[in-house]
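Q: Below is final-v4.cif; it holds mmCIF, C-alpha atoms.
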data_protein
#
loop_
_atom_site.label_atom_id
_atom_site.label_comp_id
_atom_site.auth_asym_id
_atom_site.auth_seq_id
_atom_site.Cartn_x
_atom_site.Cartn_y
_atom_site.Cartn_z
CA MET A 19 -94.21 23.86 69.40
CA ASN A 20 -96.69 22.41 71.84
CA ARG A 21 -97.78 24.12 75.05
CA ASN A 22 -95.19 22.38 77.24
CA GLN A 23 -92.36 23.34 74.88
CA VAL A 24 -93.50 26.96 74.82
CA ARG A 25 -93.68 26.99 78.63
CA ALA A 26 -90.19 25.49 78.99
CA THR A 27 -88.69 27.97 76.52
CA ALA A 28 -90.42 30.91 78.19
CA LEU A 29 -89.17 29.83 81.62
CA GLY A 30 -85.66 29.48 80.24
CA PHE A 31 -85.63 33.03 78.90
CA LEU A 32 -87.21 34.29 82.11
CA GLY A 33 -84.20 32.82 83.90
CA VAL A 34 -81.90 34.65 81.50
CA PHE A 35 -83.61 38.00 82.27
CA VAL A 36 -83.31 37.34 86.00
CA VAL A 37 -79.57 36.66 85.64
CA PHE A 38 -79.14 39.84 83.56
CA GLY A 39 -81.07 41.85 86.14
CA ILE A 40 -78.93 40.58 89.00
CA LEU A 41 -75.73 41.22 87.05
CA ALA A 42 -76.83 44.76 86.13
CA TYR A 43 -77.63 45.43 89.78
CA LEU A 44 -74.25 44.16 90.97
CA VAL A 45 -72.18 46.16 88.45
CA GLY A 46 -74.33 49.29 88.66
CA ALA A 47 -77.25 49.69 86.27
CA GLU A 48 -76.81 53.42 85.68
CA GLY A 49 -73.18 53.15 84.61
CA PHE A 50 -73.95 50.13 82.44
CA ILE A 51 -76.82 51.90 80.63
CA GLN A 52 -74.75 55.05 80.13
CA GLU A 53 -71.89 53.02 78.60
CA LEU A 54 -74.33 51.45 76.15
CA ALA A 55 -75.89 54.80 75.25
CA ASP A 56 -72.49 56.33 74.49
CA ALA A 57 -71.26 53.41 72.35
CA ASN A 58 -69.89 54.27 68.90
CA ARG A 59 -72.60 53.18 66.44
CA ARG A 60 -70.19 52.67 63.53
CA ILE A 61 -68.04 50.30 65.54
CA VAL A 62 -71.15 48.43 66.67
CA ALA A 63 -72.12 48.01 63.00
CA LEU A 64 -68.61 46.70 62.32
CA ILE A 65 -69.11 44.15 65.10
CA LEU A 66 -72.15 42.84 63.24
CA LEU A 67 -70.03 42.38 60.09
CA VAL A 68 -67.33 40.57 62.07
CA THR A 69 -70.02 38.32 63.52
CA LEU A 70 -71.13 37.38 60.01
CA GLY A 71 -67.49 36.61 59.24
CA TRP A 72 -67.33 34.26 62.23
CA LEU A 73 -70.47 32.45 61.08
CA ALA A 74 -69.10 32.23 57.53
CA ALA A 75 -65.83 30.71 58.78
CA TRP A 76 -67.60 28.03 60.79
CA GLY A 77 -69.93 27.45 57.85
CA ILE A 78 -66.84 26.62 55.77
CA GLY A 79 -65.81 24.13 58.44
CA LEU A 80 -69.22 22.44 58.28
CA ARG A 81 -69.11 22.39 54.47
CA THR A 82 -65.64 20.79 54.59
CA VAL A 83 -66.79 18.03 56.95
CA LEU A 84 -69.86 17.32 54.83
CA ALA A 85 -67.69 17.17 51.68
CA VAL A 86 -65.57 14.47 53.34
CA MET A 87 -68.80 12.46 53.66
CA ASP A 88 -69.50 13.03 49.94
CA ILE A 89 -72.28 15.49 50.75
CA GLU A 90 -71.62 18.43 48.45
CA ILE A 91 -73.36 21.72 49.28
CA SER A 92 -72.69 25.33 48.35
CA PHE A 93 -71.08 27.82 50.69
CA ILE A 94 -74.39 29.69 50.99
CA ARG A 95 -76.21 26.54 52.08
CA SER A 96 -73.53 25.67 54.59
CA PHE A 97 -73.75 29.22 55.98
CA PHE A 98 -77.50 28.96 56.47
CA ILE A 99 -77.28 25.45 57.93
CA LEU A 100 -74.66 26.68 60.42
CA ASN A 101 -76.98 29.52 61.45
CA GLY A 102 -79.80 27.02 61.85
CA ALA A 103 -77.50 25.01 64.11
CA MET A 104 -76.66 28.10 66.16
CA PHE A 105 -80.38 28.90 66.43
CA SER A 106 -81.21 25.47 67.84
CA ASN A 107 -78.25 25.70 70.23
CA ASN A 108 -79.21 29.18 71.39
CA ILE A 109 -82.84 28.45 72.27
CA THR A 110 -82.37 25.07 73.96
CA PRO A 111 -80.88 24.42 77.41
CA PHE A 112 -77.26 23.30 77.81
CA GLY A 113 -76.13 24.92 74.54
CA GLN A 114 -74.81 22.47 71.98
CA ALA A 115 -75.77 19.41 74.00
CA GLY A 116 -79.42 20.42 73.69
CA GLY A 117 -79.44 21.64 70.08
CA GLU A 118 -77.31 19.18 68.14
CA PRO A 119 -79.99 16.49 67.62
CA VAL A 120 -82.16 19.16 65.96
CA THR A 121 -79.17 20.36 63.95
CA ALA A 122 -78.59 16.82 62.69
CA LEU A 123 -82.20 16.70 61.53
CA LEU A 124 -81.77 20.05 59.76
CA ILE A 125 -78.66 18.81 57.95
CA SER A 126 -80.36 15.60 56.87
CA LYS A 127 -83.39 17.49 55.51
CA VAL A 128 -81.43 20.17 53.66
CA THR A 129 -78.81 17.80 52.18
CA ASP A 130 -81.12 14.80 51.71
CA SER A 131 -78.77 12.61 53.72
CA GLU A 132 -79.18 10.14 56.56
CA TYR A 133 -79.76 11.46 60.06
CA GLU A 134 -76.67 9.62 61.30
CA GLN A 135 -74.52 11.47 58.77
CA GLY A 136 -75.91 14.81 59.93
CA LEU A 137 -75.27 13.92 63.55
CA ALA A 138 -71.74 12.75 62.75
CA ALA A 139 -71.08 15.96 60.80
CA ILE A 140 -72.15 18.32 63.56
CA ALA A 141 -70.40 16.20 66.20
CA SER A 142 -67.19 16.38 64.15
CA VAL A 143 -67.52 20.15 63.74
CA ASP A 144 -68.06 20.57 67.49
CA THR A 145 -64.98 18.46 68.23
CA LEU A 146 -62.84 20.40 65.77
CA ASN A 147 -64.11 23.70 67.21
CA PHE A 148 -63.08 22.54 70.68
CA ILE A 149 -59.43 22.08 69.70
CA PRO A 150 -58.58 25.73 68.85
CA SER A 151 -60.70 26.90 71.78
CA VAL A 152 -58.85 24.93 74.42
CA THR A 153 -55.52 25.71 72.72
CA PHE A 154 -56.16 29.46 72.97
CA ALA A 155 -57.29 29.02 76.57
CA LEU A 156 -54.12 27.12 77.47
CA ILE A 157 -51.93 29.80 75.86
CA GLY A 158 -53.71 32.49 77.86
CA ALA A 159 -53.66 30.39 81.02
CA GLY A 160 -49.92 29.79 80.65
CA TYR A 161 -49.34 33.51 80.37
CA TYR A 162 -51.42 34.46 83.39
CA ALA A 163 -50.04 31.60 85.48
CA THR A 164 -46.70 33.45 85.49
CA LYS A 165 -48.25 36.58 86.99
CA MET A 166 -47.35 37.10 90.64
CA SER A 167 -50.58 39.04 91.17
CA PHE A 168 -52.69 36.25 89.74
CA ARG A 169 -55.80 36.00 91.89
CA ARG A 170 -56.81 32.76 93.52
CA ARG A 171 -60.18 32.45 91.78
CA LEU A 172 -58.41 32.57 88.41
CA GLN A 173 -55.87 30.03 89.61
CA PHE A 174 -58.73 27.60 90.09
CA LEU A 175 -60.09 28.51 86.65
CA VAL A 176 -56.72 27.92 84.99
CA ALA A 177 -56.39 24.61 86.81
CA GLY A 178 -59.82 23.60 85.51
CA ILE A 179 -58.86 24.48 81.94
CA ILE A 180 -55.67 22.44 82.19
CA ILE A 181 -57.59 19.46 83.58
CA LEU A 182 -60.18 19.78 80.81
CA ALA A 183 -57.45 19.97 78.17
CA ILE A 184 -56.00 16.71 79.49
CA VAL A 185 -59.13 14.76 80.40
CA ALA A 186 -61.30 15.51 77.34
CA PRO A 187 -58.74 14.34 74.73
CA ALA A 188 -57.85 11.33 76.87
CA VAL A 189 -61.49 10.26 77.16
CA GLY A 190 -62.00 10.84 73.45
CA TYR A 191 -58.90 8.84 72.54
CA LEU A 192 -59.79 5.90 74.76
CA SER A 193 -63.39 5.90 73.51
CA TRP A 194 -62.16 5.91 69.93
CA ARG A 195 -59.71 3.07 70.50
CA ARG A 196 -62.51 1.02 72.06
CA ARG A 197 -65.29 2.24 69.79
CA THR A 198 -66.60 -1.26 69.09
CA ARG A 199 -67.23 -1.77 72.80
CA VAL A 200 -68.65 1.74 73.10
CA GLN A 201 -71.07 1.01 70.24
CA SER A 202 -72.39 -2.05 72.06
CA TRP A 203 -72.72 -0.03 75.26
CA ILE A 204 -74.70 2.71 73.45
CA VAL A 205 -77.02 0.14 71.87
CA ARG A 206 -77.71 -1.47 75.26
CA ILE A 207 -78.59 1.92 76.76
CA LEU A 208 -80.69 3.23 73.85
CA THR A 209 -82.76 0.13 73.15
CA PRO A 210 -84.92 0.04 76.32
CA GLY A 211 -85.27 3.84 76.40
CA LEU A 212 -86.47 4.08 72.79
CA LYS A 213 -88.86 1.18 73.29
CA ARG A 214 -90.44 2.98 76.24
CA LEU A 215 -90.80 6.12 74.14
CA GLY A 216 -92.42 4.07 71.40
CA GLY A 217 -94.99 2.87 73.89
CA ILE A 218 -95.72 6.40 75.10
CA LEU A 219 -95.61 8.48 71.91
CA PRO A 220 -98.46 7.61 69.50
CA ARG A 221 -96.58 8.48 66.30
CA MET A 222 -93.32 6.76 67.20
CA GLN A 223 -92.70 3.10 66.44
CA SER A 224 -90.36 1.23 68.76
CA PRO A 225 -87.14 0.50 66.81
CA THR A 226 -85.67 -2.97 66.95
CA ARG A 227 -82.32 -3.65 68.55
CA GLN A 228 -80.91 -4.43 65.11
CA ALA A 229 -82.15 -1.11 63.68
CA ILE A 230 -80.53 0.81 66.56
CA ARG A 231 -77.28 -1.11 66.12
CA SER A 232 -77.29 -0.33 62.39
CA ARG A 233 -77.80 3.40 62.97
CA VAL A 234 -75.04 3.55 65.57
CA ARG A 235 -72.69 1.78 63.14
CA HIS A 236 -73.54 4.26 60.38
CA PHE A 237 -72.82 7.13 62.77
CA VAL A 238 -69.43 5.69 63.80
CA ALA A 239 -68.55 4.93 60.17
CA ALA A 240 -69.21 8.56 59.25
CA ILE A 241 -66.98 9.73 62.13
CA GLU A 242 -64.25 7.33 60.96
CA ARG A 243 -64.44 8.81 57.49
CA VAL A 244 -63.94 12.34 58.79
CA ALA A 245 -61.12 11.27 61.12
CA GLY A 246 -59.29 9.60 58.22
CA ASP A 247 -59.24 12.68 55.96
CA ARG A 248 -56.23 14.77 57.03
CA ARG A 249 -56.76 17.50 54.46
CA GLY A 250 -60.38 17.94 55.51
CA ILE A 251 -59.38 18.13 59.19
CA ILE A 252 -56.71 20.76 58.47
CA VAL A 253 -59.13 22.94 56.48
CA ALA A 254 -61.88 22.59 59.09
CA LEU A 255 -59.44 23.41 61.91
CA ALA A 256 -58.23 26.49 60.03
CA ALA A 257 -61.83 27.64 59.54
CA SER A 258 -62.61 27.02 63.20
CA THR A 259 -59.53 28.94 64.33
CA ALA A 260 -60.47 31.86 62.09
CA GLY A 261 -63.94 31.85 63.63
CA TRP A 262 -62.57 32.00 67.18
CA VAL A 263 -60.23 34.85 66.23
CA LEU A 264 -63.14 36.78 64.73
CA GLN A 265 -65.09 36.35 67.97
CA MET A 266 -62.11 37.83 69.80
CA VAL A 267 -62.06 40.73 67.34
CA ALA A 268 -65.77 41.31 67.99
CA LEU A 269 -65.29 41.60 71.77
CA TRP A 270 -62.18 43.76 71.30
CA LEU A 271 -64.24 46.08 69.08
CA ALA A 272 -67.01 46.14 71.69
CA PHE A 273 -64.59 47.60 74.24
CA LEU A 274 -63.35 50.03 71.61
CA ALA A 275 -66.95 51.09 70.91
CA ILE A 276 -67.45 52.21 74.52
CA GLY A 277 -64.10 53.97 74.64
CA SER A 278 -62.30 51.47 76.88
CA PRO A 279 -59.87 49.53 74.66
CA ILE A 280 -58.18 46.43 76.11
CA PRO A 281 -55.16 44.39 74.92
CA PHE A 282 -56.17 41.87 72.26
CA SER A 283 -53.98 39.21 73.91
CA VAL A 284 -56.37 39.13 76.88
CA LEU A 285 -59.09 37.73 74.65
CA LEU A 286 -57.08 34.59 73.85
CA PHE A 287 -58.01 33.54 77.37
CA VAL A 288 -61.36 35.26 77.88
CA ILE A 289 -63.35 34.09 74.83
CA PRO A 290 -62.70 30.32 75.18
CA VAL A 291 -63.37 30.45 78.92
CA GLY A 292 -66.66 32.24 78.32
CA ALA A 293 -67.68 29.60 75.78
CA LEU A 294 -67.38 26.90 78.43
CA ALA A 295 -70.29 28.53 80.27
CA ALA A 296 -72.63 27.45 77.45
CA ILE A 297 -73.24 24.23 79.40
CA THR A 298 -75.50 26.10 81.83
CA PRO A 299 -79.17 25.01 81.72
CA LEU A 300 -80.30 28.37 80.28
CA PRO A 301 -81.09 28.76 76.55
CA GLY A 302 -77.79 28.73 74.69
CA GLY A 303 -75.94 29.37 77.93
CA ALA A 304 -77.21 32.97 77.87
CA GLY A 305 -76.74 34.60 81.22
CA GLY A 306 -74.07 32.16 82.31
CA ILE A 307 -71.71 33.20 79.52
CA GLU A 308 -72.17 36.88 80.34
CA VAL A 309 -71.54 36.31 84.03
CA VAL A 310 -68.33 34.37 83.33
CA LEU A 311 -67.05 36.93 80.81
CA VAL A 312 -67.69 39.87 83.13
CA GLY A 313 -66.22 37.99 86.08
CA VAL A 314 -63.03 37.07 84.26
CA LEU A 315 -62.57 40.50 82.67
CA THR A 316 -62.88 42.30 86.01
CA THR A 317 -60.49 39.86 87.70
CA LEU A 318 -57.59 39.75 85.24
CA PRO A 319 -54.57 41.44 86.83
CA GLU A 320 -53.56 43.61 83.88
CA LEU A 321 -57.01 45.09 83.29
CA ALA A 322 -58.38 47.95 85.34
CA ILE A 323 -62.01 48.08 84.23
CA GLY A 324 -65.16 48.34 86.28
CA GLY A 325 -68.05 45.91 86.24
CA GLY A 326 -70.31 48.34 84.38
CA THR A 327 -67.77 48.83 81.61
CA ALA A 328 -67.13 45.10 81.27
CA PHE A 329 -70.85 44.29 81.23
CA ALA A 330 -71.56 46.98 78.60
CA ALA A 331 -68.90 45.61 76.25
CA VAL A 332 -70.00 42.02 76.86
CA ALA A 333 -73.64 42.99 76.23
CA ILE A 334 -72.73 44.52 72.85
CA PHE A 335 -70.60 41.51 71.93
CA ARG A 336 -73.14 38.93 73.06
CA GLY A 337 -75.96 40.89 71.47
CA ALA A 338 -74.24 40.33 68.12
CA VAL A 339 -73.00 36.74 68.46
CA TYR A 340 -76.28 35.58 70.05
CA TRP A 341 -78.98 37.41 68.12
CA VAL A 342 -77.48 37.47 64.61
CA PRO A 343 -77.46 33.65 64.25
CA VAL A 344 -80.79 33.38 66.12
CA THR A 345 -82.39 35.78 63.63
CA ILE A 346 -80.93 34.16 60.52
CA GLY A 347 -81.28 30.62 61.86
CA GLY A 348 -84.88 31.20 62.94
CA VAL A 349 -85.77 32.08 59.35
CA VAL A 350 -83.94 28.97 58.13
CA MET A 351 -85.76 26.72 60.59
CA GLY A 352 -89.09 28.26 59.61
CA ILE A 353 -88.48 27.68 55.90
CA VAL A 354 -87.14 24.15 56.27
CA GLY A 355 -89.80 23.24 58.81
CA VAL A 356 -87.65 21.75 61.56
CA ASP A 357 -89.05 21.88 65.10
CA ALA A 358 -86.20 23.38 67.09
CA VAL A 359 -87.39 22.70 70.60
#
If you took the structure in this file and wrote it as structure tokens, what would it be?
A:
Amino acid sequence: MNRNQVRATALGFLGVFVVFGILAYLVGAEGFIQELADANRRIVALILLVTLGWLAAWGIGLRTVLAVMDIEISFIRSFFILNGAMFSNNITPFGQAGGEPVTALLISKVTDSEYEQGLAAIASVDTLNFIPSVTFALIGAGYYATKMSFRRRLQFLVAGIIILAIVAPAVGYLSWRRRTRVQSWIVRILTPGLKRLGGILPRMQSPTRQAIRSRVRHFVAAIERVAGDRRGIIVALAASTAGWVLQMVALWLAFLAIGSPIPFSVLLFVIPVGALAAITPLPGGAGGIEVVLVGVLTTLPELAIGGGTAFAAVAIFRGAVYWVPVTIGGVVMGIVGVDAV
């Protein structure tokens, strides 16, 4: 990393610490720290194992998508690639939006495939992961929408989820039906921007319009191949769903570890909603995700938990699902030699 990249990353994590400090102050730092100190260590260790299970499930999804593209890799390799993807997502702003280009490069280097195939693979995995997430959120939202004591702030949240569940598939469907026009639009946007970069960056040659058009076509062709394989989609969706369920188990165990168990059904709504906060401009959405999770957990009508308790459980949960892939993925990135930021 160059000096500017190091500075940007450091500022991002400084923002995360500020958000954590404010949240700890609001919920009560003493109670939060005491909850963490009293947590059951065996259950915390079990949370780490469940986290590895989540990463393994999503690794299977990635392996399935790559197999559809005739890129055969072992389960172990897919597991490490997935962790490398999570690493790049977790240390770059805006979560997946910031890390996926690096992930595509990692896939292409490890599997000796074209960059467009790697980008199409991770884009397909992200899309397939979105489907179970929004489905779980809608199920939870439908349940809480029937509650007479449903608070207004959650009514707005549920309305947002419903709108997202309608708008996102609609935009995706229309874009897919008109993908030829979308390809031309992408080429028109990318060509001048990449030419300017070629004039600024000494090691980058300005690509021709034809080269950009060819790469975009290869990317779309790879997406078409994945979309046309029903068996692959079913397997990848099953793996994604299993991964989401394991995340829910991890947070449920976190509450159990601090002696404040909650109904598992609550997490059908909480986990997907928290994941939406990854779009915040902090590294991997850290800080924003915790704030959303604590806010939702302390607002749900059937839960009677304090802010300190909620934050303690969320801290244990996020400590596992954030730092386990960052640790494993950081080693992967170091070995492969991909610049993550």
Q: Excluding A:Ile289 and any residue of its chain fewer than 5 positions from it, enumerate the residues within 8 Å of it, using all atoms listed in the file, and give them as a list of chain:residue names.
A: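 Listed by chain and then number, they are A:Trp262, A:Gln265, A:Met266, A:Leu311.
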Q: Keeping only C-alpha atoms, take the residues you just selected and write them out as an mmCIF file, keeping the file's coordinate frame.
A:
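Below you can see result05.cif, which holds the result:
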data_model
loop_
_atom_site.group_PDB
_atom_site.id
_atom_site.type_symbol
_atom_site.label_atom_id
_atom_site.label_comp_id
_atom_site.auth_asym_id
_atom_site.auth_seq_id
_atom_site.Cartn_x
_atom_site.Cartn_y
_atom_site.Cartn_z
ATOM 1 C CA TRP A 262 -62.570 32.000 67.180
ATOM 2 C CA GLN A 265 -65.090 36.350 67.970
ATOM 3 C CA MET A 266 -62.110 37.830 69.800
ATOM 4 C CA LEU A 311 -67.050 36.930 80.810
#
Q: Within 8 Å of A:Leu54, counting all atoms listed in the file, which residues show up once you throw out same-chain ones fewer than 2 positions away? Write them as a PyMOL selection string, please.
A: chain A and resi 50-52+56-57+276+330-331+334
Q: Quick one: of A:Phe98, A:Phe237, A:Thr153, A:Val332, who's nearest to A:Glu132, counting all atoms listed in the file?
A: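 Selected residue with least distance to A:Glu132: A:Phe237.
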Q: Please indicate the distance in Å from atom CA of A:Leu294 to atom CA of A:Phe93, rounded to one decimal place.
A: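 Distance reported for this atom pair: 28.0 Å.
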Q: Just say which residues the PyMOL selection byres ((chain A and resi 182-198) around 9) picks in this file, as a list of chain:residue names.
A: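 Given this file, the PyMOL selection byres ((chain A and resi 182-198) around 9) evaluates to A:Ile149, A:Val152, A:Thr153, A:Leu156, A:Ala177, A:Gly178, A:Ile179, A:Ile180, A:Ile181, A:Arg199, A:Val200, A:Gln201, A:Ser202, A:Trp203, A:Val238.
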Q: With all atoms listed in the file counted, which protein, DNA or RNA residues have an atom no more than 12 Å from (-63.3, 10.2, 61.0) in the file frame? Please answer as a PyMOL selection string.
A: chain A and resi 83-84+86-87+135+138-139+141-143+145-146+194+236-251
Q: List as a count of residues only: which residues have an atom within 10 Å of (-52.1, 46.1, 82.5), counting all atoms listed in the file?
A: 8
Q: May I ask for the distance between atom CA of A:Gly348 and atom CA of A:Ala275, given in Å to one decimal place?
A: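 If I compute the distance from atom CA of A:Gly348 to atom CA of A:Ala275, I get 27.9 Å.
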Q: Can you list what the PyMOL selection byres ((chain A and resi 270) around 8) grabs from this structure, as JSON, numbers by chain?
A: {"A": [266, 267, 268, 269, 271, 272, 273, 274, 279, 280, 281, 282, 285]}
Q: What separation in Å, quoted to one decimal, exists between atom CA of A:Thr121 and atom CA of A:Leu80?
A: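 Computing the Euclidean distance for atom CA of A:Thr121 and atom CA of A:Leu80 yields 11.6 Å.
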Q: Under the PyMOL selection byres ((chain A and resi 97) around 12), which residues of this model are included? Write them out as a ChimeraX atom specification.
A: /A:70-82,91-96,98-104,125,343,346-347,350
